[in-house]
$ cat my_file_12.tsv   # TSV, C-alpha atoms and all ligand atoms
chain	number	residue	atom	x	y	z
I	16	MET	CA	-10.88	12.61	-40.08
I	17	ALA	CA	-11.64	11.66	-36.49
I	18	GLN	CA	-8.89	12.62	-34.08
I	19	GLU	CA	-7.79	11.81	-30.56
I	20	TYR	CA	-7.28	14.54	-28.03
I	21	LYS	CA	-5.75	14.40	-24.60
I	22	LEU	CA	-7.38	16.70	-22.07
I	23	ILE	CA	-6.54	17.33	-18.42
I	24	PHE	CA	-8.89	17.89	-15.47
I	25	THR	CA	-7.17	19.68	-12.64
I	26	GLY	CA	-8.01	21.75	-9.55
I	27	SER	CA	-7.83	21.53	-5.78
I	28	MET	CA	-8.47	18.53	-3.56
I	29	GLY	CA	-12.20	17.78	-3.61
I	30	ALA	CA	-12.97	20.11	-6.53
I	31	GLY	CA	-14.38	17.06	-8.32
I	32	LYS	CA	-11.89	15.88	-10.95
I	33	THR	CA	-12.51	12.20	-10.28
I	34	THR	CA	-16.26	12.77	-10.09
I	35	ALA	CA	-16.35	14.76	-13.35
I	36	ILE	CA	-14.45	12.11	-15.33
I	37	ALA	CA	-16.62	9.33	-13.90
I	38	ALA	CA	-19.74	11.35	-14.83
I	39	ILE	CA	-18.95	11.33	-18.55
I	40	SER	CA	-16.55	8.51	-19.31
I	41	GLU	CA	-17.86	5.86	-21.68
I	42	ILE	CA	-15.38	3.31	-20.36
I	43	ALA	CA	-15.15	2.31	-16.71
I	44	PRO	CA	-12.85	5.07	-15.48
I	45	ILE	CA	-9.43	4.13	-14.18
I	46	LYS	CA	-8.94	5.58	-10.71
I	47	THR	CA	-6.00	5.66	-8.33
I	48	GLU	CA	-7.79	6.60	-5.13
I	49	VAL	CA	-6.60	5.58	-1.69
I	50	ALA	CA	-7.74	6.38	1.86
I	51	ASN	CA	-7.35	10.07	2.62
I	52	THR	CA	-5.41	10.54	5.86
I	53	ASP	CA	-5.48	14.34	5.78
I	54	ARG	CA	-8.98	15.04	7.01
I	55	GLN	CA	-7.99	18.61	7.83
I	56	ALA	CA	-7.36	19.31	4.18
I	57	HIS	CA	-10.64	17.65	3.16
I	58	SER	CA	-13.18	15.47	4.93
I	59	LYS	CA	-13.67	13.03	2.07
I	60	GLU	CA	-12.81	9.36	2.44
I	61	GLN	CA	-10.60	8.94	-0.61
I	62	THR	CA	-8.16	10.94	-2.64
I	63	THR	CA	-6.43	10.52	-6.00
I	64	VAL	CA	-2.69	9.84	-5.78
I	65	ALA	CA	-1.65	9.33	-9.40
I	66	MET	CA	-4.36	10.02	-11.99
I	67	ASP	CA	-7.85	9.38	-13.29
I	68	TYR	CA	-8.49	8.19	-16.81
I	69	GLY	CA	-11.65	8.09	-18.90
I	70	GLU	CA	-12.72	8.31	-22.54
I	71	VAL	CA	-15.52	10.05	-24.41
I	72	GLN	CA	-16.43	10.01	-28.10
I	73	LEU	CA	-17.85	13.20	-29.57
I	74	GLU	CA	-20.59	13.31	-32.23
I	75	ASN	CA	-18.05	14.16	-34.93
I	76	GLY	CA	-16.15	10.98	-34.12
I	77	ASP	CA	-13.31	12.63	-32.23
I	78	ARG	CA	-12.19	10.70	-29.17
I	79	LEU	CA	-11.28	12.53	-26.01
I	80	ARG	CA	-8.86	10.93	-23.61
I	81	LEU	CA	-9.51	12.47	-20.22
I	82	TYR	CA	-6.81	12.58	-17.54
I	83	GLY	CA	-7.50	13.80	-14.02
I	84	THR	CA	-4.64	15.00	-11.84
I	85	PRO	CA	-4.28	14.51	-8.11
I	86	GLY	CA	-5.29	17.77	-6.41
I	87	GLN	CA	-2.84	17.75	-3.54
I	88	GLU	CA	0.33	19.76	-3.92
I	89	ARG	CA	2.75	16.98	-3.03
I	90	PHE	CA	1.70	15.20	-6.24
I	91	ARG	CA	2.76	18.15	-8.31
I	92	PHE	CA	5.23	16.02	-10.24
I	93	MET	CA	2.21	14.21	-11.68
I	94	TRP	CA	0.84	17.51	-13.02
I	95	ASP	CA	3.96	17.91	-15.15
I	96	ILE	CA	3.89	14.32	-16.33
I	97	LEU	CA	0.20	14.39	-17.18
I	98	GLN	CA	0.25	17.64	-19.10
I	99	GLN	CA	2.78	16.34	-21.61
I	100	GLY	CA	1.04	16.11	-24.96
I	101	ALA	CA	-2.22	17.51	-23.61
I	102	LEU	CA	-4.23	19.80	-25.86
I	103	GLY	CA	-6.42	21.44	-23.25
I	104	VAL	CA	-7.13	21.77	-19.55
I	105	ILE	CA	-10.30	22.02	-17.47
I	106	ILE	CA	-9.64	23.76	-14.16
I	107	LEU	CA	-12.21	22.93	-11.48
I	108	VAL	CA	-12.88	25.13	-8.46
I	109	ASP	CA	-15.03	24.48	-5.39
I	110	ASN	CA	-16.56	27.81	-4.39
I	111	THR	CA	-17.14	26.67	-0.81
I	112	GLN	CA	-13.40	26.23	-0.20
I	113	SER	CA	-11.38	29.16	1.11
I	114	GLU	CA	-9.80	31.58	-1.38
I	115	PRO	CA	-11.28	30.05	-4.54
I	116	ILE	CA	-9.86	32.75	-6.83
I	117	ALA	CA	-6.33	32.38	-5.49
I	118	THR	CA	-6.70	28.62	-5.81
I	119	MET	CA	-7.81	28.96	-9.42
I	120	LYS	CA	-4.82	31.19	-10.17
I	121	HIS	CA	-2.51	28.62	-8.66
I	122	TYR	CA	-3.69	25.98	-11.14
I	123	VAL	CA	-3.75	28.53	-13.97
I	124	HIS	CA	-0.06	29.15	-13.36
I	125	SER	CA	0.75	25.48	-13.02
I	126	PHE	CA	-0.84	24.80	-16.43
I	127	LYS	CA	0.28	28.07	-17.95
I	128	LYS	CA	1.44	26.61	-21.25
I	129	LEU	CA	-2.10	25.46	-22.08
I	130	VAL	CA	-3.89	28.38	-20.47
I	131	SER	CA	-1.88	31.06	-22.22
I	132	CYS	CA	-2.83	29.77	-25.66
I	133	ASP	CA	-6.57	29.71	-24.91
I	134	ARG	CA	-6.71	25.97	-24.32
I	135	ALA	CA	-8.42	26.19	-20.95
I	136	VAL	CA	-11.82	26.51	-19.31
I	137	VAL	CA	-12.68	27.05	-15.66
I	138	GLY	CA	-15.62	25.31	-13.98
I	139	VAL	CA	-16.79	26.69	-10.65
I	140	GLY	CA	-18.76	24.23	-8.52
I	141	ARG	CA	-21.11	24.67	-5.55
I	142	MET	CA	-22.05	28.23	-6.44
I	143	ASP	CA	-25.52	27.49	-5.11
I	144	GLU	CA	-24.02	26.96	-1.65
I	145	ASN	CA	-21.66	29.91	-1.91
I	146	PRO	CA	-22.39	32.47	-4.65
I	147	HIS	CA	-19.33	34.59	-3.82
I	148	PRO	CA	-17.00	35.17	-5.52
I	149	SER	CA	-19.23	35.44	-8.60
I	150	LEU	CA	-18.45	34.24	-12.11
I	151	GLU	CA	-17.62	37.84	-13.02
I	152	ASP	CA	-15.08	37.96	-10.19
I	153	PHE	CA	-13.37	34.87	-11.60
I	154	SER	CA	-13.42	36.28	-15.15
I	155	GLN	CA	-12.06	39.59	-13.98
I	156	ALA	CA	-9.22	37.92	-12.10
I	157	LEU	CA	-8.28	36.07	-15.28
I	158	GLU	CA	-8.54	39.21	-17.41
I	159	GLU	CA	-6.27	41.03	-15.01
I	160	GLU	CA	-3.66	38.39	-15.79
I	161	GLY	CA	-4.20	39.01	-19.49
I	162	LEU	CA	-5.90	35.64	-19.93
I	163	ASP	CA	-8.96	34.83	-21.99
I	164	VAL	CA	-10.57	31.85	-20.29
I	165	PRO	CA	-14.31	31.06	-20.23
I	166	VAL	CA	-15.73	30.48	-16.75
I	167	PHE	CA	-18.78	28.29	-16.06
I	168	ALA	CA	-20.93	27.53	-13.05
I	169	VAL	CA	-21.12	23.74	-12.98
I	170	ASP	CA	-22.31	20.78	-11.00
I	171	ILE	CA	-19.59	18.36	-11.99
I	172	ARG	CA	-21.73	15.43	-10.86
I	173	LYS	CA	-23.92	16.18	-13.89
I	174	GLY	CA	-22.52	14.81	-17.13
I	175	ASP	CA	-24.21	17.53	-19.20
I	176	ASP	CA	-22.42	20.27	-17.28
I	177	VAL	CA	-19.07	18.58	-17.82
I	178	LEU	CA	-19.77	17.94	-21.51
I	179	LEU	CA	-20.71	21.58	-22.04
I	180	MET	CA	-17.28	22.65	-20.77
I	181	LEU	CA	-15.61	20.09	-23.02
I	182	ASP	CA	-17.60	21.36	-26.00
I	183	VAL	CA	-16.48	24.93	-25.47
I	184	LEU	CA	-12.90	23.83	-24.88
I	185	MET	CA	-12.86	21.71	-28.05
I	186	ASN	CA	-14.24	24.63	-30.10
I	187	ARG	CA	-11.47	26.86	-28.86
I	188	ILE	CA	-8.84	24.26	-29.61
I	189	GLU	CA	-10.26	23.85	-33.12
I	190	VAL	CA	-10.17	27.59	-33.76
I	191	TRP	CA	-6.57	27.66	-32.58
I	192	GLU	CA	-5.58	24.87	-34.90
I	193	MET	CA	-7.34	26.51	-37.86
I	194	LEU	CA	-5.57	29.79	-37.21
I	195	ASN	CA	-2.28	27.94	-36.97
I	196	GLN	CA	-2.89	26.24	-40.31
I	197	LEU	CA	-3.79	29.53	-41.98
I	198	GLU	CA	-0.66	31.09	-40.58
I	199	ALA	CA	1.44	28.21	-41.85
I	200	GLN	CA	-0.07	28.58	-45.33
I	201	ALA	CA	0.45	32.34	-45.43
T	163	MET	CA	-1.26	13.70	7.55
T	164	ASP	CA	-2.85	14.63	10.83
T	165	THR	CA	0.19	13.72	12.95
T	166	ASN	CA	-2.04	13.05	15.95
T	167	GLN	CA	-2.97	9.84	14.21
T	168	ILE	CA	0.43	8.38	14.99
T	169	SER	CA	1.76	8.74	18.51
T	170	ASP	CA	5.39	9.66	19.06
T	171	SER	CA	6.09	6.30	20.63
T	172	LEU	CA	4.58	4.41	17.71
T	173	GLN	CA	6.57	6.58	15.33
T	174	LEU	CA	9.76	5.70	17.20
T	175	ARG	CA	8.99	2.00	17.17
T	176	LEU	CA	8.30	2.09	13.42
T	177	GLU	CA	11.55	3.93	12.88
T	178	MET	CA	13.39	1.22	14.83
T	179	ASP	CA	12.14	-1.39	12.36
T	180	LEU	CA	13.45	0.67	9.47
T	181	LYS	CA	16.83	1.05	11.15
T	182	LYS	CA	16.99	-2.67	11.78
T	183	LEU	CA	16.53	-3.38	8.08
T	184	LEU	CA	19.21	-0.86	7.19
T	185	ALA	CA	21.58	-2.49	9.67
T	186	VAL	CA	20.84	-6.10	8.81
T	187	ASN	CA	21.34	-5.86	5.05
T	188	ASP	CA	24.29	-3.84	3.78
T	189	GLN	CA	22.78	-3.70	0.29
T	190	VAL	CA	20.10	-1.38	1.63
T	191	ARG	CA	20.83	2.30	1.06
T	192	ALA	CA	17.68	3.80	2.54
T	193	VAL	CA	14.31	2.77	3.93
T	194	LEU	CA	11.22	4.93	4.01
T	195	LEU	CA	7.73	4.48	5.41
T	196	ALA	CA	4.81	6.54	4.08
T	197	THR	CA	1.04	6.53	4.26
T	198	THR	CA	-0.68	5.09	1.20
T	199	ASP	CA	-1.72	8.63	0.28
T	200	GLY	CA	1.88	9.75	0.20
T	201	PHE	CA	2.76	11.38	3.52
T	202	GLU	CA	6.15	10.65	5.02
T	203	VAL	CA	6.03	8.73	8.33
T	204	ALA	CA	9.68	7.81	8.97
T	205	TYR	CA	12.88	7.11	7.09
T	206	CYS	CA	16.55	6.33	7.58
T	207	GLY	CA	19.58	6.04	5.34
T	208	ASP	CA	20.70	7.96	2.28
T	209	LEU	CA	18.01	9.30	-0.04
T	210	GLY	CA	20.52	10.90	-2.38
T	211	SER	CA	19.47	14.31	-3.58
T	212	SER	CA	15.78	13.64	-2.98
T	213	THR	CA	13.64	14.39	0.06
T	214	PRO	CA	11.51	12.00	2.11
T	215	SER	CA	8.37	13.95	1.23
T	216	ASN	CA	9.03	13.68	-2.51
T	217	ILE	CA	9.76	9.99	-2.36
T	218	SER	CA	6.67	9.41	-0.22
T	219	ALA	CA	4.39	11.08	-2.77
T	220	MET	CA	6.05	9.34	-5.71
T	221	THR	CA	5.85	5.86	-4.23
T	222	SER	CA	2.20	6.46	-3.42
T	223	SER	CA	1.50	7.36	-7.06
T	224	MET	CA	3.52	4.48	-8.42
T	225	LEU	CA	2.01	1.75	-6.30
T	226	SER	CA	-1.50	3.05	-7.02
T	227	LEU	CA	-0.80	2.84	-10.76
T	228	ALA	CA	0.57	-0.68	-10.36
T	229	ILE	CA	-2.60	-1.61	-8.49
T	230	ALA	CA	-4.75	-0.10	-11.27
T	231	MET	CA	-2.77	-2.11	-13.82
T	232	VAL	CA	-3.13	-5.31	-11.84
T	233	ASN	CA	-6.88	-4.78	-11.50
T	234	GLU	CA	-7.13	-4.08	-15.22
T	235	THR	CA	-5.31	-7.24	-16.21
T	236	GLY	CA	-6.81	-9.57	-13.63
T	237	LEU	CA	-3.52	-10.28	-11.89
T	238	SER	CA	-5.28	-10.23	-8.53
T	239	SER	CA	-3.81	-8.06	-5.82
T	240	CYS	CA	-0.60	-6.07	-6.12
T	241	LEU	CA	1.65	-6.03	-3.11
T	242	ASN	CA	5.08	-5.08	-4.38
T	243	LEU	CA	6.63	-3.06	-7.15
T	244	MET	CA	10.27	-3.03	-8.21
T	245	VAL	CA	12.06	-0.35	-10.18
T	246	GLU	CA	15.44	-1.28	-11.60
T	247	GLY	CA	17.78	1.63	-12.04
T	248	GLY	CA	21.38	1.67	-13.24
T	249	GLN	CA	22.68	2.40	-9.74
T	250	GLY	CA	20.35	0.23	-7.70
T	251	ARG	CA	16.73	-0.63	-7.21
T	252	ALA	CA	13.68	0.79	-5.53
T	253	ILE	CA	11.30	-1.71	-4.04
T	254	ILE	CA	7.88	-0.53	-2.94
T	255	MET	CA	5.90	-2.87	-0.71
T	256	SER	CA	2.46	-2.44	0.78
T	257	VAL	CA	2.28	-2.66	4.54
T	258	PRO	CA	-1.20	-3.98	5.23
T	259	SER	CA	-3.20	-2.68	8.19
T	260	LYS	CA	-6.92	-2.22	8.66
T	261	ASN	CA	-6.66	1.33	10.00
T	262	LYS	CA	-3.32	2.59	8.80
T	263	PRO	CA	-2.20	0.95	5.58
T	264	MET	CA	1.26	2.17	4.59
T	265	LEU	CA	4.02	1.78	2.04
T	266	LEU	CA	7.57	0.67	2.63
T	267	THR	CA	10.18	1.81	0.13
T	268	VAL	CA	13.61	0.21	0.09
T	269	LEU	CA	16.39	1.78	-1.96
T	270	THR	CA	19.30	-0.55	-2.67
T	271	ARG	CA	22.87	-0.21	-3.81
T	272	GLU	CA	23.99	-1.33	-7.22
T	273	GLN	CA	24.97	-4.89	-6.31
T	274	VAL	CA	22.22	-6.70	-4.54
T	275	SER	CA	21.21	-10.26	-3.84
T	276	LEU	CA	17.52	-9.96	-4.47
T	277	GLY	CA	16.42	-13.08	-2.63
T	278	GLN	CA	17.98	-12.07	0.67
T	279	LEU	CA	16.81	-8.50	0.28
T	280	LEU	CA	13.19	-9.47	-0.34
T	281	LEU	CA	13.29	-11.84	2.60
T	282	ASP	CA	14.65	-9.15	4.92
T	283	ALA	CA	12.19	-6.56	3.60
T	284	LYS	CA	9.27	-8.93	4.10
T	285	ILE	CA	10.23	-9.44	7.71
T	286	THR	CA	10.24	-5.66	8.16
T	287	VAL	CA	6.83	-5.39	6.48
T	288	LYS	CA	5.46	-7.96	8.90
T	289	GLN	CA	6.92	-6.13	11.92
T	290	LEU	CA	5.53	-2.80	10.76
T	291	SER	CA	2.20	-4.32	9.91
T	292	ASP	CA	1.85	-5.87	13.39
T	293	LYS	CA	2.60	-2.56	15.08
T	294	LEU	CA	0.15	-0.66	12.89
T	295	GLU	CA	-2.54	-3.25	13.40
T	296	ASN	CA	-2.28	-3.15	17.18
T	297	CYS	CA	-2.09	0.56	17.70
I	301	LIG	N1	-23.27	18.55	-2.59
I	301	LIG	C1	-22.47	18.70	-3.65
I	301	LIG	N2	-21.43	17.89	-3.78
I	301	LIG	C2	-20.62	18.04	-4.84
I	301	LIG	C3	-20.84	19.04	-5.81
I	301	LIG	N3	-19.85	18.97	-6.71
I	301	LIG	C4	-19.05	17.96	-6.30
I	301	LIG	N4	-19.52	17.39	-5.18
I	301	LIG	C5	-18.90	16.28	-4.41
I	301	LIG	O1	-17.57	16.65	-4.12
I	301	LIG	C6	-16.74	15.51	-4.12
I	301	LIG	C7	-15.58	15.68	-5.06
I	301	LIG	O2	-14.67	14.66	-4.82
I	301	LIG	P1	-13.64	14.09	-5.88
I	301	LIG	O3	-14.25	13.91	-7.20
I	301	LIG	O4	-12.99	12.94	-5.22
I	301	LIG	O5	-12.60	15.30	-5.93
I	301	LIG	P2	-11.18	15.35	-6.63
I	301	LIG	O6	-11.08	16.68	-7.26
I	301	LIG	O7	-11.00	14.17	-7.50
I	301	LIG	O8	-10.20	15.33	-5.36
I	301	LIG	P3	-8.69	14.76	-5.19
I	301	LIG	O9	-8.51	13.57	-6.06
I	301	LIG	O10	-8.59	14.42	-3.74
I	301	LIG	O11	-7.78	15.90	-5.53
I	301	LIG	C8	-17.62	14.33	-4.52
I	301	LIG	O12	-18.02	13.65	-3.37
I	301	LIG	C9	-18.81	15.00	-5.22
I	301	LIG	O13	-19.98	14.24	-5.13
I	301	LIG	C10	-21.96	19.90	-5.66
I	301	LIG	O14	-22.24	20.76	-6.48
I	301	LIG	N5	-22.74	19.68	-4.56
I	302	MG	MG	-9.61	12.67	-7.44
$ encode --input "my_file_12.tsv" --output "structure tokens"
Amino acid sequence: MAQEYKLIFTGSMGAGKTTAIAAISEIAPIKTEVANTDRQAHSKEQTTVAMDYGEVQLENGDRLRLYGTPGQERFRFMWDILQQGALGVIILVDNTQSEPIATMKHYVHSFKKLVSCDRAVVGVGRMDENPHPSLEDFSQALEEEGLDVPVFAVDIRKGDDVLLMLDVLMNRIEVWEMLNQLEAQA
Amino acid sequence: MDTNQISDSLQLRLEMDLKKLLAVNDQVRAVLLATTDGFEVAYCGDLGSSTPSNISAMTSSMLSLAIAMVNETGLSSCLNLMVEGGQGRAIIMSVPSKNKPMLLTVLTREQVSLGQLLLDAKITVKQLSDKLENC
């Protein structure tokens, strides 16, 4: 039977959460962007202050409800609200920003409940502009924390890149749910 | 926010408007001004156990959601939002300005005459708006 899943896109300011959801949503995405007054933090014109929302239907009929968080720390309370009832999280990183691995870890910890039960993927953007740290560096940092999270190089402006991450995430969620069912039966 | 964007003297004059509202209406518990993207600009009064930075971020989120809802349902533009709590209300009003749009949040006490409060708050919005427009 077709199901509905709630997924979260998170990551730092300008990592591309709003862009990624807009790239794949089949409905006109709901945005809550306003003028960005902190041009030191990021030069872009607008920033998300509450959430993004979009929807995608998969080939098997499952519907994905996609929620994007604000990236900036002062909206942290929204991270907690948005992750209620979520089944998976996509953590986006911009490799041209400073300390991308530390930044990734920050979001990993903030969404620990999902990450620690394999319901997460990491997408690293702009690796063409800045190839370091490498994908292996990201993977290793996650392994060192005892976490098993797939890491992808992505251009989040490209729908196919975003969908690939969702595909992998959904497969992992499915495996988890199957294992859970087996355990319940045993 | 890049604090250079608002001069000290402008900041003081904005704060004066907030203080005036607090003084003129004894139902008002606290008044806070924030940028639309949720940075604190000025406040006065009693914020309870919260902090100006938290309230600034929260009002920014809430008004943006109200605006999204209004756009979705064709209710035209959203200027104000009211939250009714057991111990008082929070009223969030947009302070229009071409360069520096902001949000005014008014926290009230439990008993409040809404008509007078909205009237007083609207006067404050206009005063703030004029100062932000001409800066
Ligand atoms: N040149 C280039 N631009 C990119 C790439 N990936 C993302 N971008 C741009 O980076 C910006 C990302 O901005 P947003 O989508 O607003 O970022 P966000 O994560 O929603 O940010 P906040 O809501 O402020 O937290 C957009 O302008 C994208 O077009 C890339 O690989 N190359
Ligand atoms: Mg955004």
$ closest_residue --input "my_file_12.tsv" --among "I:Glu74, I:Trp94, I:Lys32, I:Leu79" --to "chain T" --atoms "all atoms listed in the file"
I:Trp94
$ closest_atom_pairs --input "my_file_12.tsv" --of "chain I" --to "ligand MG 302 (chain I)" --cutoff "9 Å" --atoms "only C-alpha atoms and all ligand atoms" --output "JSON lines"
{"residue": "I:Met28", "atom": "CA", "partner": "I:MG302", "partner_atom": "MG", "distance": 7.1}
{"residue": "I:Gly29", "atom": "CA", "partner": "I:MG302", "partner_atom": "MG", "distance": 6.9}
{"residue": "I:Ala30", "atom": "CA", "partner": "I:MG302", "partner_atom": "MG", "distance": 8.2}
{"residue": "I:Gly31", "atom": "CA", "partner": "I:MG302", "partner_atom": "MG", "distance": 6.5}
{"residue": "I:Lys32", "atom": "CA", "partner": "I:MG302", "partner_atom": "MG", "distance": 5.3}
{"residue": "I:Thr33", "atom": "CA", "partner": "I:MG302", "partner_atom": "MG", "distance": 4.1}
{"residue": "I:Thr34", "atom": "CA", "partner": "I:MG302", "partner_atom": "MG", "distance": 7.2}
{"residue": "I:Lys46", "atom": "CA", "partner": "I:MG302", "partner_atom": "MG", "distance": 7.8}
{"residue": "I:Thr47", "atom": "CA", "partner": "I:MG302", "partner_atom": "MG", "distance": 7.9}
{"residue": "I:Glu48", "atom": "CA", "partner": "I:MG302", "partner_atom": "MG", "distance": 6.7}
{"residue": "I:Gln61", "atom": "CA", "partner": "I:MG302", "partner_atom": "MG", "distance": 7.8}
{"residue": "I:Thr62", "atom": "CA", "partner": "I:MG302", "partner_atom": "MG", "distance": 5.3}
{"residue": "I:Thr63", "atom": "CA", "partner": "I:MG302", "partner_atom": "MG", "distance": 4.1}
{"residue": "I:Val64", "atom": "CA", "partner": "I:MG302", "partner_atom": "MG", "distance": 7.7}
{"residue": "I:Ala65", "atom": "CA", "partner": "I:MG302", "partner_atom": "MG", "distance": 8.9}
{"residue": "I:Met66", "atom": "CA", "partner": "I:MG302", "partner_atom": "MG", "distance": 7.4}
{"residue": "I:Asp67", "atom": "CA", "partner": "I:MG302", "partner_atom": "MG", "distance": 6.9}
{"residue": "I:Gly83", "atom": "CA", "partner": "I:MG302", "partner_atom": "MG", "distance": 7.0}
{"residue": "I:Thr84", "atom": "CA", "partner": "I:MG302", "partner_atom": "MG", "distance": 7.0}
{"residue": "I:Pro85", "atom": "CA", "partner": "I:MG302", "partner_atom": "MG", "distance": 5.7}
{"residue": "I:Gly86", "atom": "CA", "partner": "I:MG302", "partner_atom": "MG", "distance": 6.8}
$ interface_residues --input "my_file_12.tsv" --of "chain I" --to "chain T" --cutoff "7 Å" --atoms "only C-alpha atoms" --output "list in words"
Ile45, Thr47, Val49, Ala50, Asn51, Thr52, Asp53, Val64, Ala65, Arg89 and Phe90 of chain I
$ atom_distance --input "my_file_12.tsv" --atom1 "CA of Ser171 (chain T)" --atom2 "CA of Ala252 (chain T)"
27.8 Å
$ atom_distance --input "my_file_12.tsv" --atom1 "CA of Tyr20 (chain I)" --atom2 "CA of Arg80 (chain I)"
5.9 Å
$ atom_distance --input "my_file_12.tsv" --atom1 "CA of Val183 (chain I)" --atom2 "CA of Val136 (chain I)"
7.9 Å
$ closest_residue --input "my_file_12.tsv" --among "I:Val130, I:Ile106, I:Val123, I:Leu73" --to "Ile188 (chain I)" --atoms "all atoms listed in the file"
I:Val130
$ residues_around --input "my_file_12.tsv" --residues "Gln72 (chain I)" --least-positions-apart "3" --cutoff "10 Å" --atoms "all atoms listed in the file" --output "MDAnalysis selection string"
chainID I and resid 17:19 39:41 75:80
$ write_last_selection --input "my_file_12.tsv" --atoms "C-alpha atoms" --output "mmCIF file, keeping the file's coordinate frame"
data_model
loop_
_atom_site.group_PDB
_atom_site.id
_atom_site.type_symbol
_atom_site.label_atom_id
_atom_site.label_comp_id
_atom_site.auth_asym_id
_atom_site.auth_seq_id
_atom_site.Cartn_x
_atom_site.Cartn_y
_atom_site.Cartn_z
ATOM 1 C CA ALA I 17 -11.640 11.660 -36.490
ATOM 2 C CA GLN I 18 -8.890 12.620 -34.080
ATOM 3 C CA GLU I 19 -7.790 11.810 -30.560
ATOM 4 C CA ILE I 39 -18.950 11.330 -18.550
ATOM 5 C CA SER I 40 -16.550 8.510 -19.310
ATOM 6 C CA GLU I 41 -17.860 5.860 -21.680
ATOM 7 C CA ASN I 75 -18.050 14.160 -34.930
ATOM 8 C CA GLY I 76 -16.150 10.980 -34.120
ATOM 9 C CA ASP I 77 -13.310 12.630 -32.230
ATOM 10 C CA ARG I 78 -12.190 10.700 -29.170
ATOM 11 C CA LEU I 79 -11.280 12.530 -26.010
ATOM 12 C CA ARG I 80 -8.860 10.930 -23.610
#
$ residues_around --input "my_file_12.tsv" --residues "Leu150 (chain I)" --least-positions-apart "6" --cutoff "10 Å" --atoms "only C-alpha atoms" --output "mmCIF file with C-alpha atoms, keeping the file's coordinate frame"
data_model
loop_
_atom_site.group_PDB
_atom_site.id
_atom_site.type_symbol
_atom_site.label_atom_id
_atom_site.label_comp_id
_atom_site.auth_asym_id
_atom_site.auth_seq_id
_atom_site.Cartn_x
_atom_site.Cartn_y
_atom_site.Cartn_z
ATOM 1 C CA VAL I 137 -12.680 27.050 -15.660
ATOM 2 C CA GLY I 138 -15.620 25.310 -13.980
ATOM 3 C CA VAL I 139 -16.790 26.690 -10.650
ATOM 4 C CA MET I 142 -22.050 28.230 -6.440
ATOM 5 C CA ALA I 156 -9.220 37.920 -12.100
ATOM 6 C CA PRO I 165 -14.310 31.060 -20.230
ATOM 7 C CA VAL I 166 -15.730 30.480 -16.750
ATOM 8 C CA PHE I 167 -18.780 28.290 -16.060
ATOM 9 C CA ALA I 168 -20.930 27.530 -13.050
#
$ residues_around --input "my_file_12.tsv" --residues "region 289-296 of chain T" --least-positions-apart "4" --cutoff "10 Å" --atoms "all atoms listed in the file" --output "ChimeraX atom specification"
/T:168,172-173,175-180,195,256-266,283-285
$ closest_residue --input "my_file_12.tsv" --among "I:Asp133, I:Asp95, I:Asp170, I:Glu192" --to "ligand LIG 301 (chain I)" --atoms "all atoms listed in the file"
I:Asp170
$ closest_residue --input "my_file_12.tsv" --among "I:Leu129, I:Gln87, I:Gln155, I:Pro44" --to "ligand LIG 301 (chain I)" --atoms "only C-alpha atoms and all ligand atoms"
I:Gln87
$ closest_residue --input "my_file_12.tsv" --among "I:Ala101, I:Ile23, I:Leu162, I:Ala37" --to "ligand LIG 301 (chain I)" --atoms "all atoms listed in the file"
I:Ala37
